[in-house]
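*Asks:* Structure supplied as run_16.txt; contents: compact mmCIF, C-alpha atoms.
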```
# COMPACT_ATOMS: atom_id res chain seq x y z
CA MET K 1 0.00 0.00 0.00
CA ILE K 2 2.78 2.46 -0.87
CA ALA K 3 0.36 5.11 -2.06
CA ALA K 4 -1.43 8.20 -0.87
CA LEU K 5 -4.69 6.39 -0.26
CA LEU K 6 -5.53 7.79 3.16
CA ALA K 7 -6.70 11.24 4.13
CA GLY K 8 -4.03 13.91 3.81
CA PRO K 9 -2.58 16.49 1.46
CA ALA K 10 -2.40 15.64 -2.20
CA GLY K 11 0.89 13.97 -3.08
CA ALA K 12 1.54 12.61 0.42
CA GLU K 13 3.22 9.23 0.63
CA VAL K 14 1.63 6.96 3.23
CA LEU K 15 3.53 3.97 4.57
CA ARG K 16 2.25 1.32 6.94
CA VAL K 17 5.03 0.36 9.36
CA ALA K 18 4.46 -2.70 11.55
CA THR K 19 6.13 -4.95 14.07
CA TRP K 20 5.07 -8.43 15.06
CA SER K 21 6.49 -11.06 17.38
CA ALA K 22 5.26 -13.90 15.22
CA GLU K 23 6.75 -16.69 17.38
CA LEU K 24 7.82 -18.54 14.24
CA SER K 25 10.42 -20.59 16.05
CA ARG K 26 10.95 -24.31 16.24
CA LYS K 27 12.91 -26.74 18.44
CA GLY K 28 15.77 -27.32 16.02
CA PRO K 29 17.61 -25.77 13.07
CA GLY K 30 15.91 -26.11 9.70
CA LEU K 31 12.54 -27.11 11.15
CA LEU K 32 10.89 -23.76 10.47
CA TRP K 33 11.96 -23.93 6.82
CA ARG K 34 10.60 -27.48 6.64
CA ASP K 35 7.26 -26.39 8.05
CA ILE K 36 6.97 -23.40 5.73
CA GLU K 37 7.78 -25.52 2.69
CA SER K 38 5.30 -28.23 3.68
CA GLY K 39 2.33 -25.90 3.29
CA LYS K 40 0.55 -27.85 6.04
CA ASP K 41 1.45 -25.93 9.18
CA LYS K 42 -1.60 -24.16 10.64
CA GLN K 43 0.39 -21.56 12.54
CA ILE K 44 2.28 -20.51 9.42
CA ALA K 45 -0.94 -20.35 7.39
CA ALA K 46 -2.45 -18.14 10.09
CA ALA K 47 0.65 -15.90 10.06
CA ILE K 48 0.29 -15.45 6.29
CA GLU K 49 -3.35 -14.53 6.82
CA VAL K 50 -2.51 -11.94 9.48
CA ILE K 51 0.12 -10.24 7.32
CA THR K 52 -2.02 -10.18 4.19
CA ALA K 53 -4.96 -8.80 6.18
CA THR K 54 -2.90 -5.91 7.56
CA ALA K 55 -0.73 -5.36 4.45
CA PRO K 56 2.23 -3.52 5.98
CA ASP K 57 4.72 -1.88 3.65
CA ILE K 58 7.47 -2.41 6.21
CA LEU K 59 7.34 -5.30 8.67
CA LEU K 60 9.75 -6.20 11.45
CA ILE K 61 9.22 -9.83 12.43
CA THR K 62 10.67 -10.85 15.79
CA GLY K 63 10.77 -14.44 17.01
CA PHE K 64 11.72 -15.81 13.57
CA ASP K 65 14.39 -18.53 13.30
CA TRP K 66 17.49 -17.51 11.36
CA ASP K 67 19.39 -19.93 9.14
CA PHE K 68 22.69 -19.44 7.35
CA GLU K 69 21.29 -19.39 3.81
CA GLY K 70 18.10 -17.54 4.69
CA ARG K 71 15.94 -20.36 3.40
CA ALA K 72 13.16 -20.02 5.98
CA LEU K 73 12.72 -16.30 5.38
CA ALA K 74 12.86 -16.71 1.59
CA ALA K 75 10.27 -19.48 1.72
CA PHE K 76 8.06 -17.40 4.01
CA GLU K 77 8.26 -14.38 1.70
CA ALA K 78 7.43 -16.62 -1.27
CA ARG K 79 4.28 -17.74 0.55
CA LEU K 80 3.40 -14.10 1.17
CA ALA K 81 4.04 -13.20 -2.46
CA ALA K 82 1.79 -16.04 -3.59
CA ALA K 83 -0.91 -14.52 -1.36
CA GLY K 84 -0.43 -11.12 -3.00
CA GLN K 85 1.74 -9.58 -0.27
CA GLY K 86 5.30 -9.84 -1.53
CA TYR K 87 8.35 -8.03 -0.20
CA PRO K 88 11.25 -7.51 -2.63
CA TYR K 89 13.69 -6.47 0.11
CA ARG K 90 14.76 -8.49 3.14
CA PHE K 91 17.26 -7.98 5.94
CA ALA K 92 18.13 -10.84 8.28
CA PRO K 93 21.78 -11.04 9.35
CA PRO K 94 22.88 -13.27 12.23
CA THR K 95 21.79 -12.00 15.64
CA ASN K 96 22.66 -12.84 19.23
CA ALA K 97 19.77 -15.31 19.49
CA GLY K 98 21.25 -18.72 20.30
CA LEU K 99 24.81 -17.51 19.69
CA ALA K 100 27.02 -19.78 21.80
CA THR K 101 29.50 -18.23 24.23
CA GLY K 102 31.24 -21.37 25.49
CA LEU K 103 30.69 -20.10 29.04
CA ASP K 104 28.29 -20.93 31.82
CA LEU K 105 26.56 -17.54 31.66
CA ASP K 106 23.72 -18.41 34.02
CA GLY K 107 26.06 -19.97 36.57
CA ASN K 108 24.20 -23.25 36.97
CA GLY K 109 27.28 -25.41 36.44
CA ARG K 110 26.29 -26.63 32.98
CA LEU K 111 27.53 -25.51 29.55
CA GLY K 112 25.84 -25.25 26.20
CA GLU K 113 22.31 -24.56 27.42
CA GLY K 114 19.92 -22.00 25.96
CA ARG K 115 20.66 -19.49 28.72
CA ASP K 116 24.40 -19.75 28.07
CA ALA K 117 24.00 -18.14 24.64
CA GLN K 118 24.32 -14.39 24.10
CA GLY K 119 20.54 -14.34 23.73
CA TYR K 120 18.41 -17.29 24.78
CA GLY K 121 18.38 -20.05 22.20
CA ARG K 122 19.05 -23.76 22.00
CA PHE K 123 20.63 -23.37 18.57
CA THR K 124 22.17 -20.53 16.58
CA GLY K 125 19.43 -18.27 15.28
CA GLN K 126 16.52 -19.59 17.33
CA GLY K 127 14.07 -16.73 17.75
CA GLY K 128 15.95 -14.16 15.68
CA MET K 129 14.42 -11.27 13.79
CA ALA K 130 14.05 -10.11 10.21
CA LEU K 131 12.82 -7.15 8.21
CA LEU K 132 10.54 -7.41 5.18
CA SER K 133 10.20 -4.23 3.13
CA ARG K 134 8.73 -2.85 -0.05
CA LEU K 135 11.25 -0.03 0.15
CA PRO K 136 14.91 -0.61 -0.69
CA ILE K 137 17.07 -1.25 2.38
CA GLU K 138 20.36 0.62 2.28
CA THR K 139 22.33 -2.25 3.76
CA GLU K 140 25.67 -0.54 3.18
CA ARG K 141 24.57 2.19 5.61
CA ALA K 142 22.97 -0.14 8.15
CA ARG K 143 24.29 -0.10 11.69
CA ASP K 144 24.19 -3.29 13.74
CA PHE K 145 24.87 -2.74 17.44
CA SER K 146 24.48 -6.39 18.40
CA THR K 147 28.11 -6.74 19.46
CA LEU K 148 27.95 -3.89 22.01
CA ALA K 149 29.06 -5.22 25.39
CA TRP K 150 26.45 -4.74 28.09
CA ARG K 151 29.07 -3.34 30.47
CA ASP K 152 29.94 -0.62 27.91
CA LEU K 153 26.46 0.91 27.85
CA PRO K 154 26.54 4.20 29.82
CA GLY K 155 24.69 3.71 33.09
CA ALA K 156 24.28 -0.04 32.54
CA LEU K 157 22.56 -1.98 35.32
CA ILE K 158 24.95 -4.91 34.94
CA GLU K 159 26.28 -4.40 38.48
CA GLY K 160 24.44 -6.84 40.71
CA ALA K 161 23.23 -8.97 37.80
CA GLY K 162 25.02 -12.02 39.19
CA LEU K 163 27.43 -12.46 36.28
CA SER K 164 30.89 -13.90 36.82
CA PRO K 165 33.87 -11.78 35.70
CA GLU K 166 34.22 -14.05 32.66
CA ALA K 167 30.54 -13.63 31.80
CA ARG K 168 30.68 -9.86 32.31
CA ALA K 169 33.56 -9.68 29.84
CA VAL K 170 31.62 -11.30 26.99
CA GLN K 171 27.93 -10.60 27.70
CA ARG K 172 26.43 -8.44 24.97
CA LEU K 173 23.61 -6.00 25.62
CA SER K 174 21.30 -7.14 22.82
CA THR K 175 19.33 -10.30 23.45
CA VAL K 176 18.60 -10.45 19.73
CA ALA K 177 19.76 -7.24 18.03
CA HIS K 178 19.63 -3.45 17.88
CA TRP K 179 19.59 -2.18 14.28
CA ASP K 180 19.52 1.21 12.59
CA LEU K 181 18.29 0.46 9.07
CA PRO K 182 17.91 3.24 6.50
CA LEU K 183 15.14 2.61 3.95
CA ARG K 184 15.16 4.62 0.73
CA ARG K 185 11.90 6.43 0.09
CA ALA K 186 10.57 7.37 -3.33
CA ASP K 187 12.13 10.85 -3.19
CA GLY K 188 15.55 9.40 -2.35
CA SER K 189 15.50 10.39 1.32
CA ALA K 190 15.89 7.89 4.13
CA LEU K 191 13.53 6.58 6.78
CA HIS K 192 15.55 5.05 9.61
CA LEU K 193 14.13 2.01 11.37
CA LEU K 194 15.50 1.57 14.89
CA ALA K 195 14.63 -2.06 15.49
CA PHE K 196 15.11 -4.37 18.47
CA ALA K 197 13.79 -7.33 20.43
CA ALA K 198 14.51 -7.47 24.17
CA THR K 199 14.66 -10.27 26.72
CA PRO K 200 11.63 -10.95 28.91
CA PRO K 201 12.33 -9.47 32.37
CA VAL K 202 11.62 -12.83 34.03
CA PHE K 203 13.07 -16.38 34.13
CA ASP K 204 15.88 -15.43 36.49
CA GLY K 205 16.41 -15.10 40.24
CA PRO K 206 16.71 -12.35 42.85
CA GLU K 207 19.69 -10.90 41.00
CA ASP K 208 17.17 -9.84 38.30
CA ARG K 209 19.62 -10.41 35.47
CA ASN K 210 16.92 -10.39 32.79
CA GLY K 211 15.03 -7.49 34.35
CA ARG K 212 18.19 -5.38 34.35
CA ARG K 213 19.08 -6.31 30.80
CA ASN K 214 15.55 -5.68 29.54
CA HIS K 215 15.69 -2.19 31.09
CA ASP K 216 19.00 -1.42 29.40
CA GLU K 217 17.86 -2.70 26.01
CA ALA K 218 15.14 -0.03 26.02
CA ALA K 219 17.51 2.58 27.51
CA PHE K 220 19.84 2.03 24.54
CA TRP K 221 17.62 4.05 22.18
CA ARG K 222 17.59 7.29 24.14
CA LEU K 223 21.36 7.06 24.57
CA TYR K 224 21.74 6.48 20.84
CA LEU K 225 19.54 9.45 19.99
CA ASP K 226 21.54 11.51 22.49
CA GLY K 227 24.73 10.69 20.55
CA ARG K 228 26.31 8.99 23.58
CA LEU K 229 27.27 5.70 21.91
CA GLY K 230 30.06 6.89 19.66
CA GLU K 231 27.85 7.18 16.59
CA ALA K 232 26.04 10.21 15.23
CA PRO K 233 22.30 9.66 15.72
CA PRO K 234 20.10 9.45 12.64
CA ALA K 235 18.34 12.55 11.41
CA PRO K 236 14.54 12.34 11.38
CA PRO K 237 12.40 10.77 10.15
CA PHE K 238 12.89 7.56 12.11
CA VAL K 239 10.80 4.92 13.86
CA VAL K 240 11.68 2.93 16.97
CA LEU K 241 9.95 -0.44 16.75
CA GLY K 242 10.06 -3.97 18.04
CA ASP K 243 9.32 -6.24 20.97
CA ALA K 244 10.34 -4.49 24.19
CA ASN K 245 8.93 -7.45 26.16
CA LEU K 246 7.73 -4.99 28.81
CA ASP K 247 4.47 -3.28 29.71
CA PRO K 248 4.79 0.19 31.27
CA ALA K 249 1.98 -0.47 33.76
CA ASP K 250 1.43 -4.22 34.23
CA GLY K 251 3.51 -7.36 34.73
CA GLU K 252 7.06 -7.68 36.01
CA GLY K 253 10.09 -5.66 35.02
CA ARG K 254 11.78 -2.30 35.44
CA PRO K 255 9.65 0.11 33.37
CA GLU K 256 11.64 3.31 33.93
CA ALA K 257 13.62 3.23 30.66
CA LEU K 258 10.60 2.23 28.58
CA THR K 259 8.44 4.92 30.22
CA ALA K 260 11.13 7.51 29.44
CA LEU K 261 11.25 6.31 25.83
CA LEU K 262 7.47 6.60 25.45
CA ALA K 263 7.60 10.14 26.86
CA ASP K 264 10.64 11.27 24.86
CA PRO K 265 9.71 14.44 22.93
CA ARG K 266 11.64 13.19 19.90
CA LEU K 267 9.10 10.37 19.56
CA GLN K 268 5.35 9.91 19.32
CA ASP K 269 3.30 7.15 20.89
CA PRO K 270 0.28 6.56 18.63
CA ARG K 271 -1.21 4.22 21.27
CA PRO K 272 -2.42 1.59 18.78
CA ALA K 273 -5.51 -0.17 20.10
CA SER K 274 -7.86 -3.04 19.32
CA ALA K 275 -11.36 -4.24 20.12
CA GLY K 276 -9.99 -7.72 20.88
CA GLY K 277 -7.60 -6.43 23.51
CA ALA K 278 -10.34 -4.44 25.18
CA ALA K 279 -12.61 -7.50 25.23
CA ALA K 280 -9.88 -9.64 26.82
CA ALA K 281 -9.19 -7.30 29.75
CA ASP K 282 -7.74 -8.95 32.84
CA PRO K 283 -9.18 -8.29 36.31
CA GLY K 284 -7.17 -5.66 38.14
CA GLN K 285 -5.28 -4.55 35.05
CA LYS K 286 -3.69 -1.10 35.51
CA GLY K 287 -3.06 -0.20 31.87
CA ASP K 288 -5.62 0.25 29.11
CA PRO K 289 -6.35 -3.30 27.86
CA ALA K 290 -7.19 -1.98 24.40
CA LEU K 291 -3.47 -1.19 24.00
CA ASP K 292 -2.33 -4.73 24.83
CA THR K 293 -0.34 -6.57 22.18
CA ALA K 294 0.18 -10.00 23.76
CA ASP K 295 -2.39 -12.54 24.92
CA TYR K 296 -0.71 -14.29 27.85
CA PRO K 297 -2.42 -16.49 30.45
CA ASP K 298 -2.71 -15.05 33.93
CA PRO K 299 -0.12 -14.49 35.31
CA PRO K 300 1.22 -12.28 33.83
CA GLY K 301 -1.99 -11.67 31.87
CA ASN K 302 -2.31 -9.65 28.68
CA LEU K 303 0.34 -6.99 28.20
CA ARG K 304 1.43 -4.17 25.93
CA VAL K 305 4.92 -5.24 24.90
CA ASP K 306 5.26 -4.43 21.16
CA TYR K 307 5.75 -0.85 19.96
CA VAL K 308 5.93 1.37 16.87
CA LEU K 309 7.12 4.86 17.89
CA PRO K 310 7.55 7.35 15.01
CA SER K 311 9.72 10.45 15.28
CA ALA K 312 7.96 13.63 16.28
CA GLY K 313 7.80 15.25 12.85
CA LEU K 314 5.87 12.46 11.15
CA ARG K 315 2.11 12.72 10.65
CA ILE K 316 0.18 9.70 11.93
CA GLU K 317 -2.77 8.77 9.72
CA GLY K 318 -3.86 5.72 11.69
CA ALA K 319 -2.68 3.02 14.07
CA GLY K 320 -3.93 -0.26 15.44
CA VAL K 321 -3.28 -3.67 16.91
CA TYR K 322 -4.54 -6.57 14.80
CA TRP K 323 -6.62 -8.20 17.50
CA PRO K 324 -10.15 -8.58 16.15
CA ALA K 325 -12.99 -8.93 18.63
CA PRO K 326 -14.07 -12.52 19.38
CA GLY K 327 -15.98 -13.94 16.44
CA ALA K 328 -14.94 -11.15 14.06
CA PRO K 329 -13.16 -11.92 10.78
CA GLY K 330 -9.49 -12.61 11.43
CA ALA K 331 -9.89 -13.36 15.12
CA ALA K 332 -9.15 -17.06 14.73
CA ALA K 333 -6.07 -16.43 12.60
CA ALA K 334 -4.68 -13.88 15.06
CA GLU K 335 -5.10 -16.33 17.94
CA THR K 336 -3.61 -19.27 16.04
CA ALA K 337 -0.60 -17.39 14.70
CA SER K 338 0.99 -16.08 17.90
CA ARG K 339 0.38 -14.97 21.45
CA HIS K 340 1.47 -11.54 20.19
CA ARG K 341 -0.59 -9.32 17.90
CA LEU K 342 0.72 -7.36 14.94
CA VAL K 343 1.03 -3.61 15.65
CA TRP K 344 0.82 -1.13 12.75
CA VAL K 345 1.05 2.62 12.24
CA ASP K 346 0.28 4.55 9.04
CA LEU K 347 2.72 7.42 8.48
CA ALA K 348 2.28 10.26 6.00
CA PHE K 349 5.25 11.94 4.34
CA PRO K 350 4.51 15.23 2.57
```
Go through the file and emit its structure as structure tokens.
*Replies:*
Amino acid sequence: MIAALLAGPAGAEVLRVATWSAELSRKGPGLLWRDIESGKDKQIAAAIEVITATAPDILLITGFDWDFEGRALAAFEARLAAAGQGYPYRFAPPTNAGLATGLDLDGNGRLGEGRDAQGYGRFTGQGGMALLSRLPIETERARDFSTLAWRDLPGALIEGAGLSPEARAVQRLSTVAHWDLPLRRADGSALHLLAFAATPPVFDGPEDRNGRRNHDEAAFWRLYLDGRLGEAPPAPPFVVLGDANLDPADGEGRPEALTALLADPRLQDPRPASAGGAAAADPGQKGDPALDTADYPDPPGNLRVDYVLPSAGLRIEGAGVYWPAPGAPGAAAAETASRHRLVWVDLAFP
């Protein structure tokens, strides 16, 4: 839908930018590709339905298994193209998901487990992330911050995280990745996508290793925009998007960095909402359930964990979470595809 089809000044370019934690991950390498190629997997069919129903121009998929030759992503895009929703440009380099360290990072006395990888994963690439785009991706200008050591982030909360000196020396900040990806718009200018997927702030102990890391993965973006990471920040327009794995009001975690990001004057929070999220409200929920993006059992209950935050100068034409009300068209596909719901924002460029 790269066209000026929505309300706005004549000649405006409107792009739908989306993020989705599709949970397209399997228990071993190559199994996702096998399931996509088979054409029989119900989850994958539902994922195709969700994406074709929302028709994003730019889609960050988190929770997607990486493989060396990119076969799974190519096969998935081919399925989308066959359904009328093709993406000529893809970006999916290796990430920290499942990247072995050779160390006992979690300190349980055993090596080679999922929690001993840079980002949780039982094999290299399990639960990685990928970008699908109808706009050219300027890969030669892309910045990948996945190798940044956690201890090197200004103000990092790594102290007290229970890591051994050996683990502290190698532990990277990014659970999956932090990317700055310039996309080339029709007029030749760039739209920067600031993409990430953070660790859940749970599955640890009183040292709160994952809670601290999750906080710092969100804090990264304000430091980057401040120019404090040794790289000049991107000029607007840009969009911060991905799976922060944290709700600012409900569930566990340290919400301070995320709350600061949502309130940053350089960004806008379109507060995408859905009828399905509102209908699935949990008792005692503090945040607006219509904004939730993940359908978890209680506890922790439904949460808002996935975000699309455009830079302040962009005009927002619409936004939503693809979570149809019970019984509405698409509701079954959304539920079958993932516990997370696709989040989209329509942006107008004069």
*Asks:* Identify which of the residues K:Gly211, K:Gly160, K:Gly84, K:Gly188 lies closest to Leu135 (chain K), counting all atoms listed in the file when measuring atom-to-atom distances.
*Replies:* K:Gly188
*Asks:* Tell me, as a PDB file with C-alpha atoms, in the frame of the given file, which residues lie within 9 Å of Ile58 (chain K), counting only C-alpha atoms; anything in the same chain fewer than 4 positions away does not count.
*Replies:*
```pdb
ATOM      1  CA  LEU K  15       3.530   3.970   4.570  1.00  0.00           C
ATOM      2  CA  ARG K  16       2.250   1.320   6.940  1.00  0.00           C
ATOM      3  CA  VAL K  17       5.030   0.360   9.360  1.00  0.00           C
ATOM      4  CA  ALA K  18       4.460  -2.700  11.550  1.00  0.00           C
ATOM      5  CA  THR K  19       6.130  -4.950  14.070  1.00  0.00           C
ATOM      6  CA  TYR K  87       8.350  -8.030  -0.200  1.00  0.00           C
ATOM      7  CA  LEU K 131      12.820  -7.150   8.210  1.00  0.00           C
ATOM      8  CA  LEU K 132      10.540  -7.410   5.180  1.00  0.00           C
ATOM      9  CA  SER K 133      10.200  -4.230   3.130  1.00  0.00           C
ATOM     10  CA  ARG K 134       8.730  -2.850  -0.050  1.00  0.00           C
ATOM     11  CA  LEU K 135      11.250  -0.030   0.150  1.00  0.00           C
TER      12      LEU K 135
END
```
*Asks:* Using only C-alpha atoms, can you tell me which of K:Tyr307, K:Tyr296, K:Phe238, K:Trp66 comes closest to Leu261 (chain K)?
*Replies:*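 Of all the options, K:Tyr307 lies closest to Leu261 (chain K).
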*Asks:* I need the residue nearest Asp208 (chain K) from this list: K:Leu347, K:Leu157, K:Val321, K:Ala334. Use all atoms listed in the file for the distance.
*Replies:*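 Nearest to Asp208 (chain K): K:Leu157.
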*Asks:* Point out the residue among K:Ala142, K:Val343, K:Val170, K:Ala325 with the least atom-to-atom distance to Ala100 (chain K), counting only C-alpha atoms.
*Replies:*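 Selected residue with least distance to Ala100 (chain K): K:Val170.
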*Asks:* Find the distance between CA of Gly121 (chain K) and CA of Ala72 (chain K) and write it in Å to one decimal.
*Replies:*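 Atom-to-atom, CA of Gly121 (chain K) to CA of Ala72 (chain K), that is 17.0 Å.
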*Asks:* Which one of K:Pro29, K:Pro154, K:Pro165, K:Gly39 sits closest to Arg79 (chain K) if you count only C-alpha atoms?
*Replies:*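 Counting only C-alpha atoms, the residue closest to Arg79 (chain K) is K:Gly39.
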*Asks:* Around all listed atoms of region 215-231 of chain K, padded 3 Å per side, what centre and edge lengths does the axis-aligned box have in Å to one decimal, as AutoDock Vina command-line options?
*Replies:*
```
--center_x 22.6 --center_y 4.4 --center_z 23.8 --size_x 20.9 --size_y 20.2 --size_z 20.5
```
*Asks:* At what distance in Å, to one decimal, does CA of Pro200 (chain K) lie from CA of Thr101 (chain K)?
*Replies:*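 A separation of 19.9 Å between them.
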*Asks:* Using all atoms listed in the file, find all polymer residues with an atom at most 12 Å away from the point (-16.6, -11.7, 18.6); report them as a PyMOL selection string.
*Replies:* chain K and resi 275-280+323-332
*Asks:* Output C-alpha atoms of each residue in that selection to a file, as a PDB file, in the frame of the given file.
*Replies:*
```pdb
ATOM      1  CA  ALA K 275     -11.360  -4.240  20.120  1.00  0.00           C
ATOM      2  CA  GLY K 276      -9.990  -7.720  20.880  1.00  0.00           C
ATOM      3  CA  GLY K 277      -7.600  -6.430  23.510  1.00  0.00           C
ATOM      4  CA  ALA K 278     -10.340  -4.440  25.180  1.00  0.00           C
ATOM      5  CA  ALA K 279     -12.610  -7.500  25.230  1.00  0.00           C
ATOM      6  CA  ALA K 280      -9.880  -9.640  26.820  1.00  0.00           C
ATOM      7  CA  TRP K 323      -6.620  -8.200  17.500  1.00  0.00           C
ATOM      8  CA  PRO K 324     -10.150  -8.580  16.150  1.00  0.00           C
ATOM      9  CA  ALA K 325     -12.990  -8.930  18.630  1.00  0.00           C
ATOM     10  CA  PRO K 326     -14.070 -12.520  19.380  1.00  0.00           C
ATOM     11  CA  GLY K 327     -15.980 -13.940  16.440  1.00  0.00           C
ATOM     12  CA  ALA K 328     -14.940 -11.150  14.060  1.00  0.00           C
ATOM     13  CA  PRO K 329     -13.160 -11.920  10.780  1.00  0.00           C
ATOM     14  CA  GLY K 330      -9.490 -12.610  11.430  1.00  0.00           C
ATOM     15  CA  ALA K 331      -9.890 -13.360  15.120  1.00  0.00           C
ATOM     16  CA  ALA K 332      -9.150 -17.060  14.730  1.00  0.00           C
TER      17      ALA K 332
END
```
*Asks:* Using only C-alpha atoms, which residue out of K:Pro201, K:Pro88, K:Pro289, K:Pro350 lies closest to Leu246 (chain K)?
*Replies:*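 Looking only at the distances to Leu246 (chain K), the closest residue turns out to be K:Pro201.
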*Asks:* Could you work out how far CA of Trp179 (chain K) lies from CA of Asp144 (chain K), giving the answer in Å with one decimal?
*Replies:*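 Atom-to-atom, CA of Asp144 (chain K) and CA of Trp179 (chain K) are spaced 4.8 Å apart.
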*Asks:* Identify, on the basis of only C-alpha atoms, every residue whose closest approach to Ala197 (chain K) does not exceed 6 Å; exclude the query and any residue fewer than 6 positions from it along the same chain; express the result as a CSV table (one decimal) with C-alpha atoms, in the coordinates of the input.
*Replies:*
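Writing done, so here's selection.csv:
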```csv
chain,number,residue,atom,x,y,z
K,176,VAL,CA,18.6,-10.4,19.7
K,242,GLY,CA,10.1,-4.0,18.0
K,243,ASP,CA,9.3,-6.2,21.0
K,244,ALA,CA,10.3,-4.5,24.2
```
*Asks:* In the coordinate frame of the file, compute which residues have an atom within 6 Å of (3.3, -11.3, 3.9) when using all atoms listed in the file, and state them as an NGL selection string.
*Replies:* :K and (48 or 51-52 or 80 or 85-86)
*Asks:* Leaving out Ser25 (chain K) and any residue of its chain fewer than 6 positions from it, which residues lie within 9 Å of it when counting only C-alpha atoms, given as a ChimeraX atom specification?
*Replies:* /K:31-32,63-65,126-128
*Asks:* List the neighbours of Asp67 (chain K) out to 12 Å using all atoms listed in the file; skip same-chain residues closer than 5 positions along the sequence, and give me the result as a compact mmCIF listing (two decimals) with C-alpha atoms, in the coordinates of the input.
*Replies:*
```txt
# COMPACT_ATOMS: atom_id res chain seq x y z
CA SER K 25 10.42 -20.59 16.05
CA ARG K 26 10.95 -24.31 16.24
CA GLY K 28 15.77 -27.32 16.02
CA PRO K 29 17.61 -25.77 13.07
CA GLY K 30 15.91 -26.11 9.70
CA LEU K 31 12.54 -27.11 11.15
CA LEU K 32 10.89 -23.76 10.47
CA TRP K 33 11.96 -23.93 6.82
CA ARG K 34 10.60 -27.48 6.64
CA ALA K 72 13.16 -20.02 5.98
CA LEU K 73 12.72 -16.30 5.38
CA ALA K 74 12.86 -16.71 1.59
CA ALA K 75 10.27 -19.48 1.72
CA ALA K 92 18.13 -10.84 8.28
CA PRO K 93 21.78 -11.04 9.35
CA PRO K 94 22.88 -13.27 12.23
CA THR K 95 21.79 -12.00 15.64
CA ALA K 97 19.77 -15.31 19.49
CA GLY K 98 21.25 -18.72 20.30
CA PHE K 123 20.63 -23.37 18.57
CA THR K 124 22.17 -20.53 16.58
CA GLY K 125 19.43 -18.27 15.28
CA GLN K 126 16.52 -19.59 17.33
CA GLY K 127 14.07 -16.73 17.75
CA GLY K 128 15.95 -14.16 15.68
CA MET K 129 14.42 -11.27 13.79
CA ALA K 130 14.05 -10.11 10.21
```
*Asks:* Using the atoms already present, construct N, CA, C and O atoms for region 134-144 of chain K and hand them back as a PDB file, in the frame of the given file.
*Replies:*
```pdb
ATOM      1  N   ARG K 134       8.981  -3.214   1.335  1.00  0.00           N
ATOM      2  CA  ARG K 134       8.730  -2.850  -0.050  1.00  0.00           C
ATOM      3  C   ARG K 134       9.596  -1.676  -0.487  1.00  0.00           C
ATOM      4  O   ARG K 134       9.596  -1.318  -1.658  1.00  0.00           O
ATOM      5  N   LEU K 135      10.292  -1.089   0.450  1.00  0.00           N
ATOM      6  CA  LEU K 135      11.250  -0.030   0.150  1.00  0.00           C
ATOM      7  C   LEU K 135      12.649  -0.617   0.157  1.00  0.00           C
ATOM      8  O   LEU K 135      12.949  -1.511   0.956  1.00  0.00           O
ATOM      9  N   PRO K 136      13.524  -0.119  -0.709  1.00  0.00           N
ATOM     10  CA  PRO K 136      14.910  -0.610  -0.690  1.00  0.00           C
ATOM     11  C   PRO K 136      15.571  -0.360   0.663  1.00  0.00           C
ATOM     12  O   PRO K 136      15.382   0.694   1.279  1.00  0.00           O
ATOM     13  N   ILE K 137      16.328  -1.350   1.117  1.00  0.00           N
ATOM     14  CA  ILE K 137      17.070  -1.250   2.380  1.00  0.00           C
ATOM     15  C   ILE K 137      18.513  -0.905   2.038  1.00  0.00           C
ATOM     16  O   ILE K 137      19.178  -1.629   1.284  1.00  0.00           O
ATOM     17  N   GLU K 138      18.999   0.194   2.566  1.00  0.00           N
ATOM     18  CA  GLU K 138      20.360   0.620   2.280  1.00  0.00           C
ATOM     19  C   GLU K 138      21.317  -0.120   3.213  1.00  0.00           C
ATOM     20  O   GLU K 138      21.817   0.413   4.202  1.00  0.00           O
ATOM     21  N   THR K 139      21.562  -1.377   2.872  1.00  0.00           N
ATOM     22  CA  THR K 139      22.330  -2.250   3.760  1.00  0.00           C
ATOM     23  C   THR K 139      23.749  -1.756   3.983  1.00  0.00           C
ATOM     24  O   THR K 139      24.335  -2.007   5.043  1.00  0.00           O
ATOM     25  N   GLU K 140      24.307  -1.034   3.015  1.00  0.00           N
ATOM     26  CA  GLU K 140      25.670  -0.540   3.180  1.00  0.00           C
ATOM     27  C   GLU K 140      25.744   0.550   4.253  1.00  0.00           C
ATOM     28  O   GLU K 140      26.824   0.836   4.777  1.00  0.00           O
ATOM     29  N   ARG K 141      24.623   1.150   4.588  1.00  0.00           N
ATOM     30  CA  ARG K 141      24.570   2.190   5.610  1.00  0.00           C
ATOM     31  C   ARG K 141      23.963   1.668   6.918  1.00  0.00           C
ATOM     32  O   ARG K 141      23.836   2.431   7.888  1.00  0.00           O
ATOM     33  N   ALA K 142      23.596   0.411   6.951  1.00  0.00           N
ATOM     34  CA  ALA K 142      22.970  -0.140   8.150  1.00  0.00           C
ATOM     35  C   ALA K 142      23.973  -0.206   9.298  1.00  0.00           C
ATOM     36  O   ALA K 142      25.161  -0.460   9.097  1.00  0.00           O
ATOM     37  N   ARG K 143      23.472   0.028  10.489  1.00  0.00           N
ATOM     38  CA  ARG K 143      24.290  -0.100  11.690  1.00  0.00           C
ATOM     39  C   ARG K 143      23.720  -1.217  12.553  1.00  0.00           C
ATOM     40  O   ARG K 143      22.525  -1.224  12.877  1.00  0.00           O
ATOM     41  N   ASP K 144      24.577  -2.157  12.902  1.00  0.00           N
ATOM     42  CA  ASP K 144      24.190  -3.290  13.740  1.00  0.00           C
ATOM     43  C   ASP K 144      24.967  -3.193  15.053  1.00  0.00           C
ATOM     44  O   ASP K 144      26.187  -3.313  15.062  1.00  0.00           O
TER      45      ASP K 144
END
```
